[in-house]
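Undergrad: Structure file structure18.cif, mmCIF, C-alpha atoms, is pasted below:
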```cif
data_my_file
#
loop_
_atom_site.label_atom_id
_atom_site.label_comp_id
_atom_site.auth_asym_id
_atom_site.auth_seq_id
_atom_site.Cartn_x
_atom_site.Cartn_y
_atom_site.Cartn_z
CA MET C 1 55.97 -164.84 46.67
CA ARG C 2 59.62 -164.32 45.78
CA ALA C 3 62.13 -162.96 48.26
CA PHE C 4 62.58 -159.21 48.03
CA HIS C 5 66.20 -158.05 48.36
CA PRO C 6 66.27 -154.24 48.40
CA THR C 7 70.01 -154.16 49.12
CA LEU C 8 70.75 -156.08 45.93
CA ILE C 9 68.48 -153.81 43.93
CA ARG C 10 70.14 -150.69 45.38
CA ARG C 11 73.61 -151.99 44.65
CA SER C 12 72.76 -153.00 41.12
CA THR C 13 71.29 -149.58 40.35
CA THR C 14 73.03 -146.92 42.46
CA GLN C 15 76.44 -148.57 42.23
CA ALA C 16 76.22 -149.57 38.59
CA PRO C 17 79.15 -148.71 36.32
CA SER C 18 76.95 -146.57 34.06
CA PRO C 19 73.42 -145.15 33.82
CA LEU C 20 72.64 -147.66 31.06
CA THR C 21 73.52 -150.60 33.31
CA ALA C 22 71.41 -149.11 36.11
CA ARG C 23 68.44 -148.78 33.76
CA LEU C 24 68.82 -152.41 32.70
CA ALA C 25 68.77 -153.46 36.38
CA ARG C 26 65.70 -151.24 36.89
CA ASP C 27 63.89 -152.91 34.00
CA GLU C 28 64.74 -156.35 35.39
CA PHE C 29 63.39 -155.35 38.82
CA VAL C 30 60.17 -153.98 37.34
CA LYS C 31 59.65 -157.05 35.18
CA ARG C 32 60.22 -159.34 38.15
CA TYR C 33 58.22 -157.52 40.86
CA GLU C 34 55.62 -155.24 39.27
CA HIS C 35 52.74 -157.70 39.80
CA GLU C 36 53.75 -158.92 43.25
CA LEU C 37 54.87 -155.58 44.71
CA PRO C 38 53.14 -152.80 42.77
CA THR C 39 53.59 -150.14 45.47
CA ALA C 40 57.29 -150.89 45.95
CA THR C 41 57.80 -150.85 42.20
CA LYS C 42 56.02 -147.50 41.86
CA CYS C 43 58.11 -146.04 44.70
CA PHE C 44 61.27 -147.40 43.09
CA LEU C 45 60.42 -145.79 39.75
CA ASP C 46 59.29 -142.41 41.14
CA ASP C 47 62.71 -140.80 41.47
CA PHE C 48 64.88 -143.38 39.77
CA GLU C 49 66.57 -140.97 37.36
CA ALA C 50 67.42 -138.58 40.20
CA CYS C 51 68.88 -141.48 42.21
CA ILE C 52 71.24 -142.48 39.43
CA SER C 53 72.25 -138.98 38.32
CA HIS C 54 75.62 -139.39 40.07
CA LEU C 55 76.49 -142.15 37.57
CA ARG C 56 77.07 -139.49 34.92
CA LEU C 57 80.09 -138.21 36.85
CA PRO C 58 83.60 -139.69 36.80
CA PRO C 59 83.78 -142.88 38.93
CA SER C 60 86.25 -141.33 41.38
CA HIS C 61 83.71 -138.60 42.25
CA ARG C 62 80.60 -140.73 42.63
CA ARG C 63 80.90 -141.66 46.27
CA ALA C 64 81.38 -138.06 47.40
CA ILE C 65 78.43 -136.92 45.28
CA ARG C 66 75.85 -139.59 46.09
CA THR C 67 76.19 -139.75 49.87
CA THR C 68 74.12 -137.52 52.10
CA ASN C 69 76.07 -138.17 55.29
CA MET C 70 77.76 -134.78 55.07
CA LEU C 71 74.44 -132.97 54.65
CA GLU C 72 72.84 -134.94 57.46
CA ARG C 73 75.79 -134.16 59.71
CA LEU C 74 75.56 -130.50 58.76
CA PHE C 75 71.83 -130.27 59.57
CA GLY C 76 72.39 -132.21 62.81
CA GLU C 77 75.07 -129.73 63.82
CA GLU C 78 72.75 -126.81 63.11
CA ARG C 79 69.93 -128.40 65.17
CA ARG C 80 72.31 -129.20 68.03
CA ARG C 81 73.63 -125.64 68.24
CA THR C 82 70.29 -123.86 67.88
CA LYS C 83 68.67 -126.20 70.42
CA VAL C 84 71.01 -125.05 73.21
CA ILE C 85 69.86 -121.44 72.99
CA PRO C 86 66.68 -121.59 70.89
CA HIS C 87 65.78 -117.88 70.90
CA ALA C 88 69.27 -116.37 70.88
CA PHE C 89 69.83 -117.00 67.18
CA GLY C 90 68.67 -114.66 64.49
CA GLU C 91 69.04 -115.06 60.75
CA ARG C 92 72.56 -113.64 60.54
CA PRO C 93 74.13 -115.85 63.27
CA VAL C 94 72.50 -118.97 61.80
CA LEU C 95 73.86 -118.08 58.36
CA LYS C 96 77.33 -117.65 59.86
CA LEU C 97 77.00 -120.99 61.61
CA MET C 98 75.92 -122.77 58.44
CA TYR C 99 78.68 -121.09 56.41
CA SER C 100 81.37 -122.25 58.84
CA ALA C 101 79.91 -125.76 58.87
CA LEU C 102 79.95 -125.83 55.05
CA LEU C 103 83.57 -124.66 55.04
CA ARG C 104 84.52 -127.54 57.35
CA ALA C 105 82.54 -130.01 55.25
CA SER C 106 84.16 -128.80 52.02
CA GLN C 107 87.55 -129.91 53.35
CA THR C 108 86.52 -133.52 52.61
CA TRP C 109 85.69 -132.55 49.03
CA GLN C 110 89.27 -131.45 48.47
CA ARG C 111 90.38 -135.09 48.71
CA VAL C 112 88.68 -135.94 45.41
CA ALA C 113 91.36 -136.14 42.72
CA ILE C 114 90.69 -134.38 39.45
CA GLY C 115 92.97 -135.42 36.61
CA GLU C 116 92.88 -134.75 32.88
CA LEU C 117 90.40 -137.57 32.23
CA GLU C 118 88.05 -136.34 34.97
CA LEU C 119 88.23 -132.77 33.64
CA LYS C 120 87.28 -133.99 30.16
CA GLN C 121 84.40 -136.05 31.58
CA ILE C 122 83.15 -133.09 33.62
CA ASP C 123 83.36 -130.76 30.59
CA GLU C 124 81.44 -133.28 28.49
CA LEU C 125 78.82 -133.60 31.21
CA ARG C 126 78.53 -129.80 31.42
CA ARG C 127 77.91 -129.58 27.65
CA GLU C 128 75.39 -132.41 27.83
CA LEU C 129 73.49 -130.75 30.70
CA ASP C 130 73.53 -127.39 28.92
CA ASN C 131 72.10 -128.99 25.78
CA ASP C 132 69.41 -130.80 27.81
CA PHE C 133 68.47 -127.55 29.54
CA SER C 134 68.38 -125.62 26.25
CA GLN C 135 66.09 -128.23 24.68
CA ARG C 136 63.74 -128.25 27.68
CA THR C 137 63.47 -124.49 27.89
CA ALA C 138 63.43 -123.72 24.15
CA SER C 139 59.94 -125.15 23.66
CA ALA C 140 58.64 -123.44 26.82
CA VAL C 141 59.62 -119.92 25.74
CA LEU C 142 58.08 -118.67 22.53
CA PRO C 143 59.86 -115.83 20.79
CA ALA C 144 58.07 -112.51 20.99
CA SER C 145 56.83 -111.00 17.77
CA ARG C 146 58.88 -108.05 16.62
CA HIS C 147 56.54 -105.31 15.56
CA LYS C 148 58.04 -101.91 15.19
CA ILE C 149 56.29 -99.26 17.13
CA SER C 150 56.65 -95.83 15.69
CA SER C 151 54.65 -92.71 15.32
CA LYS C 152 54.85 -92.94 11.53
CA GLU C 153 52.65 -96.04 11.59
CA LYS C 154 50.26 -94.24 13.96
CA THR C 155 50.48 -96.82 16.72
#
```
I need this file expressed as structure tokens, please.

TA:
Amino acid sequence: MRAFHPTLIRRSTTQAPSPLTARLARDEFVKRYEHELPTATKCFLDDFEACISHLRLPPSHRRAIRTTNMLERLFGEERRRTKVIPHAFGERPVLKLMYSALLRASQTWQRVAIGELELKQIDELRRELDNDFSQRTASAVLPASRHKISSKEKT
């Protein structure tokens, strides 16, 4: 059995320079391990596209987008505060707490530089996502038939 290096696989896919490069690394992994590690391969493929979605963004934004440390810290803070006085919090105080924690967390987002190139890349991504959404939803919604309803037609 070959050695399994999940760190190398993660780096070659989640830190790839582009989604195409990540997909090539994915295909190489599947080709190499699908017979020896079928469960690991299936798990790897389950949410692959979601895991590399940050690669569509400008390179300077990727690290801030793909990490979950901020969210984990935010949820940890909420658990820590509500644990102290478990029954003293209602919906409104918890919402205030989460809002203030999000405000603090958003301060780190302000360090991400957005230049002309990044703005163009983000606009292009927005158009691409809008087109993808329109294509997915266009086939799901059928246009309603337009029959006139009037008393002259006795309907």

Undergrad: Can you work out which one of C:Ile122, C:Leu129, C:Arg104, C:Ser134 has the shortest atom-to-atom distance to Arg73 of chain C, counting only C-alpha atoms?

TA: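 Of C:Ile122, C:Leu129, C:Arg104, C:Ser134, the one nearest Arg73 of chain C, counting only C-alpha atoms, is C:Arg104.
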
Undergrad: Using all atoms listed in the file, find the one residue out of C:Lys42, C:Arg23, C:His35, C:His54 that sits nearest to Leu125 of chain C.

TA: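 Ranked by minimum distance to Leu125 of chain C, first place goes to C:His54.
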
Undergrad: Tell me which of C:Ala16, C:Ser106, C:Phe75, C:Arg127 sits closest to Pro59 of chain C, counting only C-alpha atoms.

TA: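 Of C:Ala16, C:Ser106, C:Phe75, C:Arg127, the one nearest Pro59 of chain C is C:Ala16, counting only C-alpha atoms.
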
Undergrad: So which residues touch Arg56 of chain C within 10 Å, counting all atoms listed in the file, skipping near sequence neighbours fewer than 6 positions away, as a PyMOL selection string?

TA: chain C and resi 17-19+62+121-122+124-125

Undergrad: Find the residue from C:Leu57, C:Val84, C:Glu36, C:Gln107 that sits nearest to Asp123 of chain C; use all atoms listed in the file when measuring.

TA: C:Leu57

Undergrad: So, with only C-alpha atoms as the atoms that count, which of C:Ala25, C:Ala101, C:Ala138, C:Leu117 lies closest to Gly76 of chain C?

TA: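 For Gly76 of chain C, the nearest of the given residues is C:Ala101.
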
Undergrad: Could you tell me how far atom CA of Glu49 of chain C lies from atom CA of Lys120 of chain C, in Å and to one decimal?

TA: 23.0 Å

Undergrad: Using Å and a single decimal, report how far atom CA of Phe48 of chain C sits from atom CA of His61 of chain C.

TA: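 Computed distance, atom CA of His61 of chain C to atom CA of Phe48 of chain C, equals 19.6 Å.
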
Undergrad: State, in Å with one decimal place, the distance from atom CA of Arg32 of chain C to atom CA of Ala50 of chain C.

TA: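 Distance reported for this atom pair: 22.1 Å.
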
Undergrad: Quick one: of C:Ala105, C:Gly115, C:Phe44, C:Thr13, who's nearest to Leu74 of chain C, counting only C-alpha atoms?

TA: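 Among C:Ala105, C:Gly115, C:Phe44, C:Thr13, it is C:Ala105 that comes nearest to Leu74 of chain C.
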
Undergrad: So that I can see what lies close to Met98 of chain C, please list as a PyMOL selection string the residues with an atom at most 9 Å from it, counting only C-alpha atoms and leaving out residues fewer than 3 positions away in the same chain.

TA: chain C and resi 74-75+77-78+93-95+101-103

Undergrad: Can you sort out the box for segment 40-55 of chain C, edges along x, y and z, all listed atoms in, 5 Å on every side, with centre and edge lengths in Å to one decimal, as AutoDock Vina command-line options?

TA:
```
--center_x 66.3 --center_y -144.7 --center_z 41.7 --size_x 30.5 --size_y 22.3 --size_z 18.6
```

Undergrad: When you look at Thr21 of chain C with a cut-off of 12 Å (counting all atoms listed in the file), what residues show up, excluding the ones that are within fewer than 6 positions of it in the same chain? I need them as JSON, numbers by chain.

TA: {"C": [11, 12, 13, 14, 15, 27, 28, 52, 55, 56]}

Undergrad: How about saving the chosen residues, C-alpha atoms kept, as a PDB file, keeping the file's coordinate frame?

TA:
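selection14.pdb was written with the following content:
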```pdb
ATOM      1  CA  ARG C  11      73.610-151.990  44.650  1.00  0.00           C
ATOM      2  CA  SER C  12      72.760-153.000  41.120  1.00  0.00           C
ATOM      3  CA  THR C  13      71.290-149.580  40.350  1.00  0.00           C
ATOM      4  CA  THR C  14      73.030-146.920  42.460  1.00  0.00           C
ATOM      5  CA  GLN C  15      76.440-148.570  42.230  1.00  0.00           C
ATOM      6  CA  ASP C  27      63.890-152.910  34.000  1.00  0.00           C
ATOM      7  CA  GLU C  28      64.740-156.350  35.390  1.00  0.00           C
ATOM      8  CA  ILE C  52      71.240-142.480  39.430  1.00  0.00           C
ATOM      9  CA  LEU C  55      76.490-142.150  37.570  1.00  0.00           C
ATOM     10  CA  ARG C  56      77.070-139.490  34.920  1.00  0.00           C
TER      11      ARG C  56
END
```
